[in-house]
>>> print(open('upload.cif').read())   # mmCIF, C-alpha atoms
data_run
loop_
_atom_site.group_PDB
_atom_site.id
_atom_site.type_symbol
_atom_site.label_atom_id
_atom_site.label_comp_id
_atom_site.auth_asym_id
_atom_site.auth_seq_id
_atom_site.Cartn_x
_atom_site.Cartn_y
_atom_site.Cartn_z
ATOM 1 C CA MET A 1 95.772 -23.271 135.746
ATOM 2 C CA THR A 2 98.037 -21.126 137.780
ATOM 3 C CA LYS A 3 95.149 -18.979 138.852
ATOM 4 C CA HIS A 4 93.164 -22.084 139.864
ATOM 5 C CA PHE A 5 95.855 -23.249 142.328
ATOM 6 C CA ARG A 6 96.801 -19.830 143.706
ATOM 7 C CA ALA A 7 94.529 -19.892 146.721
ATOM 8 C CA PRO A 8 95.486 -23.423 147.901
ATOM 9 C CA LEU A 9 99.192 -22.693 147.433
ATOM 10 C CA ALA A 10 98.792 -19.491 149.406
ATOM 11 C CA GLY A 11 97.102 -21.458 152.150
ATOM 12 C CA LEU A 12 99.929 -24.018 152.245
ATOM 13 C CA ALA A 13 102.456 -21.215 152.406
ATOM 14 C CA ALA A 14 100.610 -19.655 155.328
ATOM 15 C CA VAL A 15 100.618 -22.990 157.164
ATOM 16 C CA ALA A 16 104.348 -23.418 156.517
ATOM 17 C CA ILE A 17 105.119 -19.915 157.757
ATOM 18 C CA ALA A 18 102.926 -20.399 160.853
ATOM 19 C CA ALA A 19 104.850 -23.562 161.728
ATOM 20 C CA TRP A 20 107.999 -21.499 162.036
ATOM 21 C CA LEU A 21 106.427 -18.772 164.167
ATOM 22 C CA PRO A 22 106.731 -19.040 167.968
ATOM 23 C CA MET A 23 103.633 -20.335 169.720
ATOM 24 C CA PRO A 24 101.790 -17.925 172.053
ATOM 25 C CA ALA A 25 102.887 -18.199 175.671
ATOM 26 C CA ALA A 26 100.709 -20.517 177.743
ATOM 27 C CA ALA A 27 98.548 -18.922 180.405
ATOM 28 C CA PHE A 28 99.987 -18.902 183.915
ATOM 29 C CA PRO A 29 100.370 -21.350 185.520
ATOM 30 C CA ASP A 30 101.303 -24.025 182.994
ATOM 31 C CA GLN A 31 102.833 -26.347 185.586
ATOM 32 C CA PRO A 32 102.188 -27.253 189.244
ATOM 33 C CA VAL A 33 102.703 -24.583 191.898
ATOM 34 C CA ASN A 34 104.549 -25.363 195.136
ATOM 35 C CA TYR A 35 102.782 -24.048 198.251
ATOM 36 C CA ILE A 36 105.101 -23.974 201.275
ATOM 37 C CA ILE A 37 103.453 -24.039 204.706
ATOM 38 C CA PRO A 38 105.835 -22.763 207.431
ATOM 39 C CA PHE A 39 104.298 -25.025 210.081
ATOM 40 C CA ASP A 40 103.640 -28.691 210.770
ATOM 41 C CA PRO A 41 100.767 -30.503 209.046
ATOM 42 C CA GLY A 42 97.371 -30.341 210.697
ATOM 43 C CA GLY A 43 97.272 -26.704 211.779
ATOM 44 C CA GLU A 44 95.002 -23.950 210.498
ATOM 45 C CA SER A 45 97.474 -22.950 207.769
ATOM 46 C CA ASP A 46 97.516 -26.517 206.464
ATOM 47 C CA ILE A 47 93.756 -26.992 206.725
ATOM 48 C CA SER A 48 92.946 -23.880 204.726
ATOM 49 C CA ALA A 49 95.577 -24.778 202.113
ATOM 50 C CA ARG A 50 93.957 -28.192 201.716
ATOM 51 C CA PHE A 51 90.610 -26.497 201.230
ATOM 52 C CA GLN A 52 92.153 -24.272 198.533
ATOM 53 C CA GLN A 53 93.785 -27.143 196.628
ATOM 54 C CA PRO A 54 90.842 -28.472 194.590
ATOM 55 C CA HIS A 55 89.622 -24.991 193.714
ATOM 56 C CA PHE A 56 93.088 -23.976 192.521
ATOM 57 C CA ALA A 57 93.171 -27.032 190.261
ATOM 58 C CA GLU A 58 89.679 -26.311 188.939
ATOM 59 C CA ILE A 59 90.563 -22.704 188.061
ATOM 60 C CA THR A 60 94.052 -23.226 186.648
ATOM 61 C CA GLY A 61 94.146 -26.861 185.547
ATOM 62 C CA GLN A 62 97.317 -27.266 187.611
ATOM 63 C CA ASP A 63 98.050 -28.898 190.962
ATOM 64 C CA LEU A 64 98.823 -26.954 194.101
ATOM 65 C CA ILE A 65 101.520 -29.024 195.804
ATOM 66 C CA ILE A 66 101.624 -28.480 199.560
ATOM 67 C CA GLN A 67 104.975 -28.773 201.311
ATOM 68 C CA TYR A 68 105.938 -28.179 204.952
ATOM 69 C CA LEU A 69 108.906 -26.241 206.287
ATOM 70 C CA PRO A 70 108.289 -25.831 210.030
ATOM 71 C CA GLY A 71 110.626 -24.321 212.561
ATOM 72 C CA ALA A 72 111.067 -21.252 214.787
ATOM 73 C CA GLY A 73 107.395 -20.346 214.640
ATOM 74 C CA GLY A 74 107.513 -19.994 210.863
ATOM 75 C CA ALA A 75 110.744 -18.002 210.752
ATOM 76 C CA SER A 76 112.711 -20.888 209.249
ATOM 77 C CA ALA A 77 110.581 -20.649 206.125
ATOM 78 C CA TRP A 78 110.064 -16.882 205.946
ATOM 79 C CA SER A 79 113.773 -16.146 206.332
ATOM 80 C CA GLY A 80 114.426 -18.140 203.149
ATOM 81 C CA LEU A 81 111.441 -17.032 201.073
ATOM 82 C CA ASN A 82 113.395 -14.606 198.894
ATOM 83 C CA ASP A 83 116.000 -17.240 198.027
ATOM 84 C CA TYR A 84 113.442 -19.029 195.844
ATOM 85 C CA GLU A 85 113.135 -18.207 192.169
ATOM 86 C CA GLY A 86 110.581 -15.480 191.567
ATOM 87 C CA ASP A 87 108.701 -17.178 188.756
ATOM 88 C CA GLY A 88 105.341 -17.535 190.489
ATOM 89 C CA TYR A 89 105.708 -21.281 190.932
ATOM 90 C CA THR A 90 106.715 -21.057 194.596
ATOM 91 C CA ILE A 91 104.313 -19.447 197.053
ATOM 92 C CA MET A 92 104.378 -19.469 200.841
ATOM 93 C CA GLY A 93 101.805 -19.139 203.578
ATOM 94 C CA THR A 94 102.150 -16.135 205.874
ATOM 95 C CA ASN A 95 100.767 -15.543 209.333
ATOM 96 C CA LEU A 96 100.105 -12.399 211.322
ATOM 97 C CA PRO A 97 100.997 -11.328 213.917
ATOM 98 C CA HIS A 98 104.004 -13.636 213.535
ATOM 99 C CA ILE A 99 105.639 -11.834 210.572
ATOM 100 C CA VAL A 100 105.314 -8.506 212.385
ATOM 101 C CA LEU A 101 106.067 -9.415 215.995
ATOM 102 C CA GLN A 102 108.985 -11.736 215.280
ATOM 103 C CA PRO A 103 111.183 -9.024 213.709
ATOM 104 C CA LEU A 104 110.068 -6.486 216.347
ATOM 105 C CA LEU A 105 110.957 -8.651 219.333
ATOM 106 C CA GLN A 106 113.873 -10.789 218.105
ATOM 107 C CA ASP A 107 116.093 -11.451 215.092
ATOM 108 C CA PRO A 108 114.314 -14.126 213.038
ATOM 109 C CA GLY A 109 116.502 -13.697 209.950
ATOM 110 C CA TYR A 110 114.045 -11.554 208.002
ATOM 111 C CA ASP A 111 112.254 -8.204 208.209
ATOM 112 C CA THR A 112 108.512 -7.779 207.876
ATOM 113 C CA ASP A 113 108.980 -5.726 204.714
ATOM 114 C CA ASP A 114 110.888 -8.629 203.126
ATOM 115 C CA ILE A 115 107.580 -10.510 202.842
ATOM 116 C CA VAL A 116 105.598 -9.802 199.655
ATOM 117 C CA ASN A 117 101.996 -10.738 200.379
ATOM 118 C CA VAL A 118 99.842 -11.144 197.293
ATOM 119 C CA TYR A 119 96.625 -11.903 199.192
ATOM 120 C CA ILE A 120 95.321 -12.061 202.761
ATOM 121 C CA PHE A 121 92.391 -14.454 202.588
ATOM 122 C CA HIS A 122 91.144 -15.376 206.060
ATOM 123 C CA PHE A 123 91.665 -15.107 209.763
ATOM 124 C CA THR A 124 90.934 -17.275 212.740
ATOM 125 C CA PRO A 125 89.280 -14.993 215.278
ATOM 126 C CA ASP A 126 90.552 -15.135 218.838
ATOM 127 C CA ALA A 127 88.169 -16.796 221.264
ATOM 128 C CA LEU A 128 88.262 -17.137 225.033
ATOM 129 C CA ILE A 129 87.390 -20.768 225.736
ATOM 130 C CA VAL A 130 86.752 -22.688 228.955
ATOM 131 C CA ARG A 131 85.851 -26.322 229.632
ATOM 132 C CA ALA A 132 82.212 -27.256 229.379
ATOM 133 C CA ASP A 133 82.140 -27.928 233.149
ATOM 134 C CA SER A 134 83.806 -24.617 234.009
ATOM 135 C CA PRO A 135 82.137 -22.484 236.687
ATOM 136 C CA TYR A 136 82.515 -19.498 234.329
ATOM 137 C CA GLU A 137 79.282 -19.362 232.371
ATOM 138 C CA THR A 138 79.855 -15.929 230.859
ATOM 139 C CA LEU A 139 82.685 -13.556 230.074
ATOM 140 C CA GLU A 140 81.656 -11.359 232.996
ATOM 141 C CA ASP A 141 81.936 -14.363 235.336
ATOM 142 C CA PHE A 142 85.514 -14.860 234.168
ATOM 143 C CA ILE A 143 86.429 -11.178 234.467
ATOM 144 C CA GLU A 144 84.925 -10.960 237.959
ATOM 145 C CA ALA A 145 86.939 -13.968 239.121
ATOM 146 C CA ALA A 146 90.121 -12.543 237.586
ATOM 147 C CA ASN A 147 89.596 -9.221 239.356
ATOM 148 C CA GLU A 148 89.036 -10.917 242.700
ATOM 149 C CA ALA A 149 92.458 -12.621 242.490
ATOM 150 C CA PRO A 150 94.706 -10.867 239.957
ATOM 151 C CA GLY A 151 96.992 -13.336 238.206
ATOM 152 C CA ALA A 152 95.406 -16.399 239.779
ATOM 153 C CA LEU A 153 93.450 -17.407 236.688
ATOM 154 C CA THR A 154 95.490 -18.950 233.895
ATOM 155 C CA ALA A 155 94.945 -19.112 230.169
ATOM 156 C CA SER A 156 96.871 -21.343 227.791
ATOM 157 C CA GLY A 157 97.863 -20.232 224.287
ATOM 158 C CA SER A 158 100.008 -21.159 221.314
ATOM 159 C CA GLY A 159 103.354 -19.628 222.190
ATOM 160 C CA THR A 160 104.743 -16.203 222.970
ATOM 161 C CA ASN A 161 104.381 -13.295 220.523
ATOM 162 C CA SER A 162 101.497 -15.132 218.903
ATOM 163 C CA ALA A 163 97.925 -14.057 218.189
ATOM 164 C CA ASN A 164 96.923 -15.724 221.475
ATOM 165 C CA ASP A 165 99.564 -13.781 223.394
ATOM 166 C CA VAL A 166 98.326 -10.565 221.786
ATOM 167 C CA ALA A 167 94.716 -11.461 222.655
ATOM 168 C CA ASN A 168 95.585 -11.883 226.329
ATOM 169 C CA GLN A 169 97.331 -8.505 226.361
ATOM 170 C CA LEU A 170 94.364 -6.799 224.674
ATOM 171 C CA PHE A 171 92.039 -8.489 227.157
ATOM 172 C CA GLU A 172 94.010 -7.077 230.077
ATOM 173 C CA ASN A 173 94.121 -3.624 228.427
ATOM 174 C CA GLU A 174 90.372 -3.567 227.897
ATOM 175 C CA THR A 175 89.110 -5.181 231.085
ATOM 176 C CA GLY A 176 91.779 -4.338 233.651
ATOM 177 C CA ALA A 177 91.732 -7.996 234.688
ATOM 178 C CA VAL A 178 95.079 -9.765 235.064
ATOM 179 C CA VAL A 179 95.228 -13.315 233.683
ATOM 180 C CA THR A 180 98.439 -15.342 233.687
ATOM 181 C CA TYR A 181 99.187 -16.397 230.127
ATOM 182 C CA ILE A 182 100.790 -19.854 229.788
ATOM 183 C CA PRO A 183 102.460 -20.359 226.392
ATOM 184 C CA TYR A 184 102.519 -23.813 224.826
ATOM 185 C CA SER A 185 104.263 -24.975 221.672
ATOM 186 C CA GLY A 186 101.110 -24.843 219.570
ATOM 187 C CA THR A 187 97.332 -24.899 219.480
ATOM 188 C CA ALA A 188 97.025 -28.633 220.099
ATOM 189 C CA PRO A 189 99.008 -28.745 223.378
ATOM 190 C CA SER A 190 97.304 -25.545 224.503
ATOM 191 C CA VAL A 191 93.902 -27.185 224.102
ATOM 192 C CA THR A 192 95.140 -30.368 225.766
ATOM 193 C CA ALA A 193 96.206 -28.266 228.748
ATOM 194 C CA LEU A 194 92.758 -26.726 228.999
ATOM 195 C CA LEU A 195 90.893 -30.018 228.705
ATOM 196 C CA GLY A 196 93.252 -31.658 231.185
ATOM 197 C CA GLY A 197 92.648 -28.998 233.813
ATOM 198 C CA GLU A 198 96.133 -27.464 233.659
ATOM 199 C CA THR A 199 94.669 -24.031 232.914
ATOM 200 C CA ASP A 200 91.388 -22.290 233.667
ATOM 201 C CA ALA A 201 90.873 -21.103 230.102
ATOM 202 C CA ALA A 202 92.485 -21.074 226.700
ATOM 203 C CA TRP A 203 93.062 -18.337 224.206
ATOM 204 C CA GLY A 204 92.195 -20.246 221.098
ATOM 205 C CA TYR A 205 90.387 -19.537 217.878
ATOM 206 C CA THR A 206 86.919 -20.154 216.539
ATOM 207 C CA THR A 207 88.481 -23.081 214.683
ATOM 208 C CA VAL A 208 89.428 -24.605 218.039
ATOM 209 C CA ALA A 209 85.910 -24.116 219.357
ATOM 210 C CA ALA A 210 84.495 -25.778 216.239
ATOM 211 C CA ALA A 211 86.851 -28.741 216.554
ATOM 212 C CA GLN A 212 86.256 -29.314 220.284
ATOM 213 C CA GLY A 213 82.480 -29.066 220.141
ATOM 214 C CA ASP A 214 80.658 -29.898 223.375
ATOM 215 C CA GLN A 215 83.880 -30.287 225.360
ATOM 216 C CA VAL A 216 84.265 -26.512 225.616
ATOM 217 C CA ARG A 217 82.277 -23.331 226.153
ATOM 218 C CA THR A 218 83.215 -20.233 224.196
ATOM 219 C CA LEU A 219 82.736 -17.056 226.251
ATOM 220 C CA ALA A 220 83.332 -14.501 223.477
ATOM 221 C CA VAL A 221 84.885 -14.126 220.024
ATOM 222 C CA ALA A 222 87.060 -11.290 218.723
ATOM 223 C CA MET A 223 85.039 -10.367 215.635
ATOM 224 C CA GLU A 224 83.132 -7.370 214.315
ATOM 225 C CA GLU A 225 79.993 -9.520 214.141
ATOM 226 C CA ARG A 226 79.076 -12.957 215.482
ATOM 227 C CA HIS A 227 80.559 -15.908 213.652
ATOM 228 C CA PRO A 228 77.942 -17.693 211.503
ATOM 229 C CA ASN A 229 78.985 -21.006 213.044
ATOM 230 C CA PHE A 230 78.500 -19.646 216.598
ATOM 231 C CA PRO A 231 75.344 -17.538 216.492
ATOM 232 C CA ASP A 232 74.854 -17.789 220.264
ATOM 233 C CA VAL A 233 78.370 -16.649 221.209
ATOM 234 C CA PRO A 234 78.713 -12.873 221.708
ATOM 235 C CA THR A 235 81.555 -10.767 220.396
ATOM 236 C CA PHE A 236 83.784 -8.910 222.839
ATOM 237 C CA ARG A 237 82.532 -5.659 221.327
ATOM 238 C CA GLU A 238 78.925 -6.581 222.079
ATOM 239 C CA LEU A 239 79.969 -6.920 225.703
ATOM 240 C CA GLY A 240 81.722 -3.560 225.741
ATOM 241 C CA TYR A 241 85.350 -4.558 225.054
ATOM 242 C CA ASP A 242 87.108 -3.409 221.888
ATOM 243 C CA ILE A 243 88.865 -6.653 221.011
ATOM 244 C CA VAL A 244 88.887 -7.695 217.356
ATOM 245 C CA GLY A 245 91.587 -9.861 215.834
ATOM 246 C CA GLY A 246 93.228 -13.214 215.623
ATOM 247 C CA ALA A 247 95.663 -15.004 213.352
ATOM 248 C CA TYR A 248 95.544 -13.587 209.830
ATOM 249 C CA ARG A 249 96.791 -15.755 206.989
ATOM 250 C CA GLY A 250 97.831 -14.998 203.467
ATOM 251 C CA ILE A 251 100.081 -16.009 200.608
ATOM 252 C CA ALA A 252 103.438 -14.469 199.735
ATOM 253 C CA VAL A 253 105.914 -14.788 196.881
ATOM 254 C CA PRO A 254 109.674 -14.218 196.572
ATOM 255 C CA ASP A 255 110.511 -10.536 196.112
ATOM 256 C CA GLY A 256 111.907 -11.238 192.644
ATOM 257 C CA THR A 257 108.471 -12.228 191.367
ATOM 258 C CA PRO A 258 107.312 -9.862 188.573
ATOM 259 C CA GLU A 259 104.300 -7.630 189.147
ATOM 260 C CA GLU A 260 102.324 -9.520 186.509
ATOM 261 C CA ARG A 261 102.801 -12.830 188.330
ATOM 262 C CA ARG A 262 101.908 -11.266 191.670
ATOM 263 C CA GLN A 263 98.653 -9.964 190.225
ATOM 264 C CA GLU A 264 97.830 -13.243 188.504
ATOM 265 C CA LEU A 265 98.247 -15.162 191.760
ATOM 266 C CA SER A 266 96.183 -12.558 193.602
ATOM 267 C CA ASP A 267 93.393 -12.961 191.055
ATOM 268 C CA ILE A 268 93.414 -16.756 191.426
ATOM 269 C CA ILE A 269 93.145 -16.581 195.229
ATOM 270 C CA ALA A 270 90.405 -13.954 194.921
ATOM 271 C CA GLU A 271 88.407 -16.320 192.721
ATOM 272 C CA ILE A 272 88.838 -19.149 195.220
ATOM 273 C CA ASN A 273 87.801 -16.852 198.078
ATOM 274 C CA ALA A 274 84.614 -15.884 196.237
ATOM 275 C CA ASN A 275 83.521 -19.500 195.715
ATOM 276 C CA PRO A 276 80.387 -20.189 197.835
ATOM 277 C CA ASP A 277 81.406 -23.809 198.451
ATOM 278 C CA PHE A 278 84.824 -22.721 199.680
ATOM 279 C CA ILE A 279 83.317 -20.054 201.929
ATOM 280 C CA ALA A 280 80.873 -22.554 203.433
ATOM 281 C CA GLN A 281 83.639 -25.087 204.056
ATOM 282 C CA MET A 282 85.864 -22.491 205.706
ATOM 283 C CA GLU A 283 83.144 -21.077 207.933
ATOM 284 C CA GLU A 284 81.988 -24.537 208.993
ATOM 285 C CA ALA A 285 85.549 -25.183 210.188
ATOM 286 C CA GLY A 286 85.534 -21.923 212.156
ATOM 287 C CA PHE A 287 87.492 -19.661 209.806
ATOM 288 C CA ALA A 288 86.402 -16.091 209.030
ATOM 289 C CA MET A 289 86.783 -14.769 205.506
ATOM 290 C CA ILE A 290 88.531 -11.539 204.547
ATOM 291 C CA ASP A 291 89.715 -10.225 201.193
ATOM 292 C CA VAL A 292 92.894 -8.174 200.904
ATOM 293 C CA PRO A 293 94.173 -8.434 197.305
ATOM 294 C CA TYR A 294 97.689 -7.597 196.166
ATOM 295 C CA ALA A 295 96.803 -3.992 195.293
ATOM 296 C CA GLU A 296 95.721 -3.353 198.898
ATOM 297 C CA ALA A 297 98.110 -5.637 200.770
ATOM 298 C CA ALA A 298 100.908 -3.098 201.392
ATOM 299 C CA ASP A 299 98.554 -0.529 202.952
ATOM 300 C CA TRP A 300 96.828 -3.209 204.992
ATOM 301 C CA MET A 301 100.195 -4.429 206.280
ATOM 302 C CA ASP A 302 101.175 -0.882 207.264
ATOM 303 C CA GLU A 303 98.030 -0.651 209.405
ATOM 304 C CA ARG A 304 98.727 -3.978 211.072
ATOM 305 C CA LYS A 305 102.366 -3.074 211.715
ATOM 306 C CA ALA A 306 101.331 0.124 213.500
ATOM 307 C CA PHE A 307 98.824 -1.799 215.609
ATOM 308 C CA TYR A 308 101.240 -4.558 216.604
ATOM 309 C CA ALA A 309 104.120 -2.154 217.332
ATOM 310 C CA GLU A 310 102.268 -0.789 220.350
ATOM 311 C CA ILE A 311 101.348 -4.278 221.546
ATOM 312 C CA ALA A 312 104.958 -5.426 221.105
ATOM 313 C CA GLU A 313 106.140 -2.823 223.599
ATOM 314 C CA GLN A 314 103.621 -4.059 226.147
ATOM 315 C CA LEU A 315 104.549 -7.696 225.597
ATOM 316 C CA ALA A 316 108.259 -6.921 225.926
ATOM 317 C CA ALA A 317 107.674 -4.960 229.119
ATOM 318 C CA GLY A 318 105.721 -7.805 230.649
ATOM 319 C CA ARG A 319 108.362 -10.492 230.023
#
>>> encode(input="upload.cif", output="structure tokens")
Amino acid sequence: MTKHFRAPLAGLAAVAIAAWLPMPAAAFPDQPVNYIIPFDPGGESDISARFQQPHFAEITGQDLIIQYLPGAGGASAWSGLNDYEGDGYTIMGTNLPHIVLQPLLQDPGYDTDDIVNVYIFHFTPDALIVRADSPYETLEDFIEAANEAPGALTASGSGTNSANDVANQLFENETGAVVTYIPYSGTAPSVTALLGGETDAAWGYTTVAAAQGDQVRTLAVAMEERHPNFPDVPTFRELGYDIVGGAYRGIAVPDGTPEERRQELSDIIAEINANPDFIAQMEEAGFAMIDVPYAEAADWMDERKAFYAEIAEQLAAGR
């Protein structure tokens, strides 16, 4: 009799013991993740975050909750990033050249090395844009006019020490043409200035060109190869000018975040970035995809810092 019930009793004992054992830790994340955007709603940082949202939920089963903390060109948010708990449940958008140029040219309340990027996932390539009715049909037309009257042509852009400001400086370095850069408070007012005839051109992005459609003509884009959404627009390099760049965007975490969490977040963003539907949506909106995972982010940042340091000196000298 005893022998007959031994196996069931052993099974009950195992169940009882298992009930007292701690459950395995749930996979990360097991709750919603807060995604802080350091700018107002509606900009490129917000748009790309919105595109990421459904894919994040599909991969993790958790919501990506977008919040906004604008101010001081992003510095209001970045200066407080490391005050958040480093548990992986608070992430923040980053933007280059902002997080490099701001500490080089002013005191924004943080240093570039304070920012722990876990992934750089796209950039908006710089583009020189004119109105559709502009007399400048090509980049060479624009350069010729600028050389005939140095400083007379104007180009709007989204603020000082921004990707647009850098693009104008690189343009002058490469072409020898002098164009007066007019900083506005953001991309939207910069484009409004162009369309309203306040400036002759705008340093915008491929995203701007995509959004404005037939109202503008894009003379060249700052990419290695032509953008798939603008197959008829040449790159600056094609035309003989070594200008490649724009506004690079990534995701950072507080510096107290463990290595394991940093890698897990990097892997999630990498999976989103590899999704063909996400890529198509981003490129249709004018974004260009890049992939810099956590393991490569520090070296990539070192390269960008060296590049922007030289430009910062030129920008400071020209103020």
>>> atom_distance(input="upload.cif", atom1="CA of Ala222 in chain A", atom2="CA of Pro125 in chain A")
5.5 Å
>>> atom_distance(input="upload.cif", atom1="CA of Asn168 in chain A", atom2="CA of Ala201 in chain A")
11.0 Å
>>> resolve_selection(input="upload.cif", expression="the PyMOL selection byres ((chain A and resi 41) around 10)", output="VMD selection string")
chain A and resid 37 to 40 42 to 47 66 to 70
>>> residues_around(input="upload.cif", residues="Gly240 in chain A", least_positions_apart="2", cutoff="12 Å", atoms="only C-alpha atoms", output="list of chain:residue names")
A:Leu139, A:Glu140, A:Phe171, A:Glu174, A:Thr175, A:Ala220, A:Ala222, A:Pro234, A:Thr235, A:Phe236, A:Arg237, A:Glu238, A:Asp242, A:Ile243, A:Val244
>>> write_last_selection(input="upload.cif", atoms="C-alpha atoms", output="PDB file, keeping the file's coordinate frame")
ATOM      1  CA  LEU A 139      82.685 -13.556 230.074  1.00  0.00           C
ATOM      2  CA  GLU A 140      81.656 -11.359 232.996  1.00  0.00           C
ATOM      3  CA  PHE A 171      92.039  -8.489 227.157  1.00  0.00           C
ATOM      4  CA  GLU A 174      90.372  -3.567 227.897  1.00  0.00           C
ATOM      5  CA  THR A 175      89.110  -5.181 231.085  1.00  0.00           C
ATOM      6  CA  ALA A 220      83.332 -14.501 223.477  1.00  0.00           C
ATOM      7  CA  ALA A 222      87.060 -11.290 218.723  1.00  0.00           C
ATOM      8  CA  PRO A 234      78.713 -12.873 221.708  1.00  0.00           C
ATOM      9  CA  THR A 235      81.555 -10.767 220.396  1.00  0.00           C
ATOM     10  CA  PHE A 236      83.784  -8.910 222.839  1.00  0.00           C
ATOM     11  CA  ARG A 237      82.532  -5.659 221.327  1.00  0.00           C
ATOM     12  CA  GLU A 238      78.925  -6.581 222.079  1.00  0.00           C
ATOM     13  CA  ASP A 242      87.108  -3.409 221.888  1.00  0.00           C
ATOM     14  CA  ILE A 243      88.865  -6.653 221.011  1.00  0.00           C
ATOM     15  CA  VAL A 244      88.887  -7.695 217.356  1.00  0.00           C
TER      16      VAL A 244
END
>>> residues_near_point(input="upload.cif", point="(91.4, -13.9, 189.6)", cutoff="12 Å", atoms="all atoms listed in the file", output="number ranges by chain")
A: 28, 55-56, 59-60, 118-119, 261-275, 293-294
>>> resolve_selection(input="upload.cif", expression="the PyMOL selection byres ((chain A and resi 94) around 6)", output="PDB file with C-alpha atoms, in the frame of the given file")
ATOM      1  CA  GLY A  93     101.805 -19.139 203.578  1.00  0.00           C
ATOM      2  CA  ASN A  95     100.767 -15.543 209.333  1.00  0.00           C
ATOM      3  CA  ARG A 249      96.791 -15.755 206.989  1.00  0.00           C
ATOM      4  CA  GLY A 250      97.831 -14.998 203.467  1.00  0.00           C
ATOM      5  CA  ILE A 251     100.081 -16.009 200.608  1.00  0.00           C
TER       6      ILE A 251
END
